[in-house]
Amino acid sequence: MNPQDALKQAREGGFDLVEVSPLSRPPVCRIMDFSKYKYEQEKKEREARKRQHFVKIKEVRYKPNIDEHDYQTKLQHMREFIKKGNKVKASMRFRGRELAHTEKGREVMQRIINDLVDVGEVEKSPTREGRFLNMVLMPK
């Protein structure tokens with residue numbers, strides 16, 4: 001159809017002439033109410049955003065010689081974070097002479113992995129970065 005005729009026909013009906021596929025030969029156009037179409041697209045985007053879940057990374061810090069009660073408390077926090085669908089970064093900071101005994105920190109990290117095997121799995125295994133030993137756990 002001639003573009004002028006299509007535009008005239010759209011105006012008579014109170015609609016807009018919208019180019020749907022500009023790259024094809026000949027270009028494809030459609031007669032529609034553009035403001036209504038735009039509104040419906042925005043509505044679909046809002047609905048999609050409502051259903052979206054952002055994964056956050058929560059951090060829990062440990063020390064290599066941690067007491068049992070402190071360990072259990074932090075472990076419980078990590079368990080709750082993972083159950084809510086968040087990733088958890090467990091980091092251990094070594095100070096002074098603790099740097100000479102990083103194996104004790106690795107034992108604590110392995111214990112964390114074993115205790116949380118029912119709710120989460122290791123995304124990034126324990127790696128040492130300077131004074132820190134870090135690992136990331138994610139939900140199963």
# chains A, B, ... in the order shown; residues from 1 in each chain; ligands from 1
$ residues_around --residues "Pro27 (chain A)" --least-positions-apart "3" --cutoff "12 Å" --atoms "only C-alpha atoms" --output "PyMOL selection string"
chain A and resi 1-3+18-24+30
$ select_by_dssp --residues "chain A" --states "strand (DSSP E)" --output "VMD selection string"
chain A and resid 16 to 21 28 to 32 57 to 62 87 to 93 120 to 129 132 to 139
$ atom_distance --atom1 "CA of Pro139 (chain A)" --atom2 "CA of Ser91 (chain A)"
17.5 Å
$ residues_around --residues "region 104-107 of chain A" --least-positions-apart "6" --cutoff "12 Å" --atoms "only C-alpha atoms" --output "VMD selection string"
chain A and resid 61 to 66 90 to 95 98 113 to 114 125 to 128 131 to 135
$ residues_around --residues "Gln72 (chain A)" --least-positions-apart "2" --cutoff "12 Å" --atoms "only C-alpha atoms" --output "MDAnalysis selection string"
chainID A and resid 62 66:70 74:79 108 111:112 115:116
$ closest_residue --among "A:Lys84, A:Lys36, A:Arg97, A:Arg25" --to "Lys58 (chain A)" --atoms "only C-alpha atoms"
A:Lys84
$ residues_around --residues "Val119 (chain A)" --least-positions-apart "6" --cutoff "7 Å" --atoms "only C-alpha atoms" --output "ChimeraX atom specification"
/A:82-83,139-140
$ residues_around --residues "Val55 (chain A)" --least-positions-apart "5" --cutoff "10 Å" --atoms "only C-alpha atoms" --output "list in words"
Lys84, Gly85, Asn86, Lys87 and Met138 of chain A
$ write_last_selection --atoms "N, CA and C atoms" --output "mmCIF file, in the first residue's frame"
data_model
loop_
_atom_site.group_PDB
_atom_site.id
_atom_site.type_symbol
_atom_site.label_atom_id
_atom_site.label_comp_id
_atom_site.auth_asym_id
_atom_site.auth_seq_id
_atom_site.Cartn_x
_atom_site.Cartn_y
_atom_site.Cartn_z
ATOM 1 N N LYS A 84 17.265 -17.983 52.198
ATOM 2 C CA LYS A 84 16.539 -16.870 51.564
ATOM 3 C C LYS A 84 16.934 -16.686 50.108
ATOM 4 N N GLY A 85 17.931 -17.451 49.638
ATOM 5 C CA GLY A 85 18.328 -17.385 48.236
ATOM 6 C C GLY A 85 19.517 -16.484 47.962
ATOM 7 N N ASN A 86 20.200 -16.033 48.997
ATOM 8 C CA ASN A 86 21.366 -15.174 48.815
ATOM 9 C C ASN A 86 22.647 -15.999 48.819
ATOM 10 N N LYS A 87 23.671 -15.447 48.187
ATOM 11 C CA LYS A 87 24.988 -16.058 48.260
ATOM 12 C C LYS A 87 25.660 -15.561 49.536
ATOM 13 N N MET A 138 26.708 -20.814 47.646
ATOM 14 C CA MET A 138 25.454 -20.441 47.001
ATOM 15 C C MET A 138 24.390 -21.477 47.338
#
$ closest_residue --among "A:Val88, A:Val136, A:Ala10, A:Met109" --to "Lys56 (chain A)" --atoms "only C-alpha atoms"
A:Val88
$ select_by_dssp --residues "chain A" --states "alpha helix (DSSP H)" --output "short mmCIF file (atom, residue, chain, number, x, y, z; two decimals) with N, CA and C atoms, in the first residue's frame"
data_model
loop_
_atom_site.label_atom_id
_atom_site.label_comp_id
_atom_site.auth_asym_id
_atom_site.auth_seq_id
_atom_site.Cartn_x
_atom_site.Cartn_y
_atom_site.Cartn_z
N PRO A 3 2.34 4.64 1.16
CA PRO A 3 2.45 5.20 2.52
C PRO A 3 1.46 6.34 2.79
N GLN A 4 1.21 7.16 1.78
CA GLN A 4 0.27 8.27 1.98
C GLN A 4 -1.15 7.74 2.19
N ASP A 5 -1.54 6.72 1.44
CA ASP A 5 -2.87 6.13 1.60
C ASP A 5 -3.01 5.47 2.97
N ALA A 6 -1.96 4.78 3.40
CA ALA A 6 -1.99 4.12 4.71
C ALA A 6 -2.09 5.15 5.83
N LEU A 7 -1.37 6.24 5.70
CA LEU A 7 -1.43 7.30 6.72
C LEU A 7 -2.81 7.93 6.75
N LYS A 8 -3.40 8.15 5.59
CA LYS A 8 -4.75 8.72 5.49
C LYS A 8 -5.77 7.78 6.13
N GLN A 9 -5.65 6.49 5.87
CA GLN A 9 -6.57 5.50 6.41
C GLN A 9 -6.44 5.43 7.95
N ALA A 10 -5.21 5.52 8.46
CA ALA A 10 -4.99 5.49 9.90
C ALA A 10 -5.59 6.71 10.58
N ARG A 11 -5.42 7.90 9.98
CA ARG A 11 -5.96 9.13 10.56
C ARG A 11 -7.48 9.12 10.58
N GLU A 12 -8.10 8.55 9.54
CA GLU A 12 -9.57 8.48 9.48
C GLU A 12 -10.11 7.62 10.62
N GLY A 13 -9.39 6.56 10.97
CA GLY A 13 -9.83 5.67 12.05
C GLY A 13 -9.42 6.16 13.42
N PHE A 34 -0.91 3.79 19.13
CA PHE A 34 0.46 3.68 19.62
C PHE A 34 0.56 3.95 21.12
N SER A 35 -0.20 4.91 21.64
CA SER A 35 -0.11 5.22 23.07
C SER A 35 -0.61 4.03 23.91
N LYS A 36 -1.65 3.34 23.44
CA LYS A 36 -2.15 2.16 24.14
C LYS A 36 -1.12 1.04 24.11
N TYR A 37 -0.46 0.85 22.96
CA TYR A 37 0.57 -0.16 22.80
C TYR A 37 1.75 0.11 23.75
N LYS A 38 2.15 1.38 23.81
CA LYS A 38 3.27 1.77 24.67
C LYS A 38 2.94 1.53 26.15
N TYR A 39 1.70 1.84 26.54
CA TYR A 39 1.24 1.64 27.91
C TYR A 39 1.28 0.15 28.27
N GLU A 40 0.81 -0.70 27.37
CA GLU A 40 0.80 -2.14 27.63
C GLU A 40 2.22 -2.70 27.75
N GLN A 41 3.15 -2.19 26.96
CA GLN A 41 4.55 -2.63 27.04
C GLN A 41 5.15 -2.26 28.39
N GLU A 42 4.88 -1.04 28.86
CA GLU A 42 5.38 -0.60 30.16
C GLU A 42 4.78 -1.45 31.29
N LYS A 43 3.51 -1.80 31.14
CA LYS A 43 2.84 -2.63 32.13
C LYS A 43 3.49 -4.01 32.21
N LYS A 44 3.83 -4.59 31.06
CA LYS A 44 4.50 -5.89 31.03
C LYS A 44 5.88 -5.80 31.70
N GLU A 45 6.60 -4.71 31.45
CA GLU A 45 7.92 -4.53 32.06
C GLU A 45 7.83 -4.41 33.58
N ARG A 46 6.81 -3.70 34.07
CA ARG A 46 6.62 -3.57 35.52
C ARG A 46 6.33 -4.93 36.15
N GLU A 47 5.50 -5.73 35.50
CA GLU A 47 5.19 -7.06 36.01
C GLU A 47 6.44 -7.93 36.04
N ALA A 48 7.27 -7.83 35.01
CA ALA A 48 8.50 -8.62 34.96
C ALA A 48 9.45 -8.21 36.08
N ARG A 49 9.51 -6.91 36.38
CA ARG A 49 10.38 -6.43 37.46
C ARG A 49 9.90 -6.91 38.82
N LYS A 50 8.58 -7.04 38.99
CA LYS A 50 8.05 -7.51 40.27
C LYS A 50 8.50 -8.94 40.55
N ARG A 51 8.54 -9.76 39.53
CA ARG A 51 8.88 -11.17 39.69
C ARG A 51 10.39 -11.40 39.75
N GLU A 68 33.36 -22.04 69.98
CA GLU A 68 32.29 -22.90 69.45
C GLU A 68 30.95 -22.17 69.36
N HIS A 69 30.58 -21.42 70.37
CA HIS A 69 29.29 -20.73 70.35
C HIS A 69 29.26 -19.66 69.25
N ASP A 70 30.35 -18.92 69.11
CA ASP A 70 30.43 -17.91 68.05
C ASP A 70 30.32 -18.57 66.67
N TYR A 71 30.99 -19.72 66.55
CA TYR A 71 30.95 -20.45 65.28
C TYR A 71 29.51 -20.87 64.95
N GLN A 72 28.81 -21.42 65.93
CA GLN A 72 27.44 -21.88 65.70
C GLN A 72 26.50 -20.72 65.37
N THR A 73 26.70 -19.58 66.02
CA THR A 73 25.87 -18.40 65.74
C THR A 73 26.07 -17.93 64.31
N LYS A 74 27.32 -17.80 63.90
CA LYS A 74 27.61 -17.35 62.54
C LYS A 74 27.14 -18.37 61.51
N LEU A 75 27.27 -19.64 61.84
CA LEU A 75 26.80 -20.69 60.94
C LEU A 75 25.28 -20.61 60.75
N GLN A 76 24.57 -20.31 61.83
CA GLN A 76 23.11 -20.17 61.75
C GLN A 76 22.72 -18.98 60.87
N HIS A 77 23.46 -17.88 60.98
CA HIS A 77 23.21 -16.72 60.12
C HIS A 77 23.43 -17.08 58.65
N MET A 78 24.52 -17.79 58.40
CA MET A 78 24.82 -18.19 57.02
C MET A 78 23.72 -19.09 56.48
N ARG A 79 23.23 -20.00 57.30
CA ARG A 79 22.16 -20.92 56.89
C ARG A 79 20.90 -20.14 56.51
N GLU A 80 20.56 -19.12 57.30
CA GLU A 80 19.38 -18.29 57.01
C GLU A 80 19.56 -17.52 55.70
N PHE A 81 20.74 -16.94 55.49
CA PHE A 81 21.00 -16.21 54.25
C PHE A 81 20.85 -17.11 53.03
N ILE A 82 21.40 -18.30 53.12
CA ILE A 82 21.34 -19.23 51.98
C ILE A 82 19.90 -19.67 51.74
N LYS A 83 19.13 -19.92 52.81
CA LYS A 83 17.73 -20.34 52.65
C LYS A 83 16.89 -19.25 51.99
N THR A 102 47.94 -20.81 58.74
CA THR A 102 46.75 -20.69 57.89
C THR A 102 46.01 -22.01 57.75
N GLU A 103 46.68 -23.13 58.06
CA GLU A 103 46.01 -24.43 57.96
C GLU A 103 44.84 -24.53 58.95
N LYS A 104 44.96 -23.84 60.09
CA LYS A 104 43.86 -23.84 61.06
C LYS A 104 42.64 -23.13 60.47
N GLY A 105 42.89 -22.06 59.71
CA GLY A 105 41.80 -21.36 59.04
C GLY A 105 41.15 -22.22 57.97
N ARG A 106 41.97 -22.98 57.24
CA ARG A 106 41.42 -23.89 56.21
C ARG A 106 40.57 -24.98 56.85
N GLU A 107 40.95 -25.44 58.04
CA GLU A 107 40.15 -26.45 58.75
C GLU A 107 38.78 -25.88 59.11
N VAL A 108 38.75 -24.63 59.57
CA VAL A 108 37.47 -24.00 59.91
C VAL A 108 36.61 -23.84 58.66
N MET A 109 37.22 -23.43 57.55
CA MET A 109 36.48 -23.28 56.29
C MET A 109 35.91 -24.62 55.83
N GLN A 110 36.69 -25.69 55.96
CA GLN A 110 36.21 -27.02 55.56
C GLN A 110 35.07 -27.45 56.47
N ARG A 111 35.14 -27.10 57.73
CA ARG A 111 34.06 -27.42 58.66
C ARG A 111 32.78 -26.69 58.28
N ILE A 112 32.91 -25.43 57.85
CA ILE A 112 31.74 -24.66 57.39
C ILE A 112 31.10 -25.35 56.19
N ILE A 113 31.94 -25.77 55.23
CA ILE A 113 31.42 -26.44 54.04
C ILE A 113 30.67 -27.72 54.43
N ASN A 114 31.25 -28.49 55.34
CA ASN A 114 30.61 -29.75 55.77
C ASN A 114 29.30 -29.51 56.52
N ASP A 115 29.25 -28.43 57.32
CA ASP A 115 28.05 -28.15 58.09
C ASP A 115 26.92 -27.58 57.23
#
$ atom_distance --atom1 "CA of Gly96 (chain A)" --atom2 "CA of Val60 (chain A)"
20.8 Å
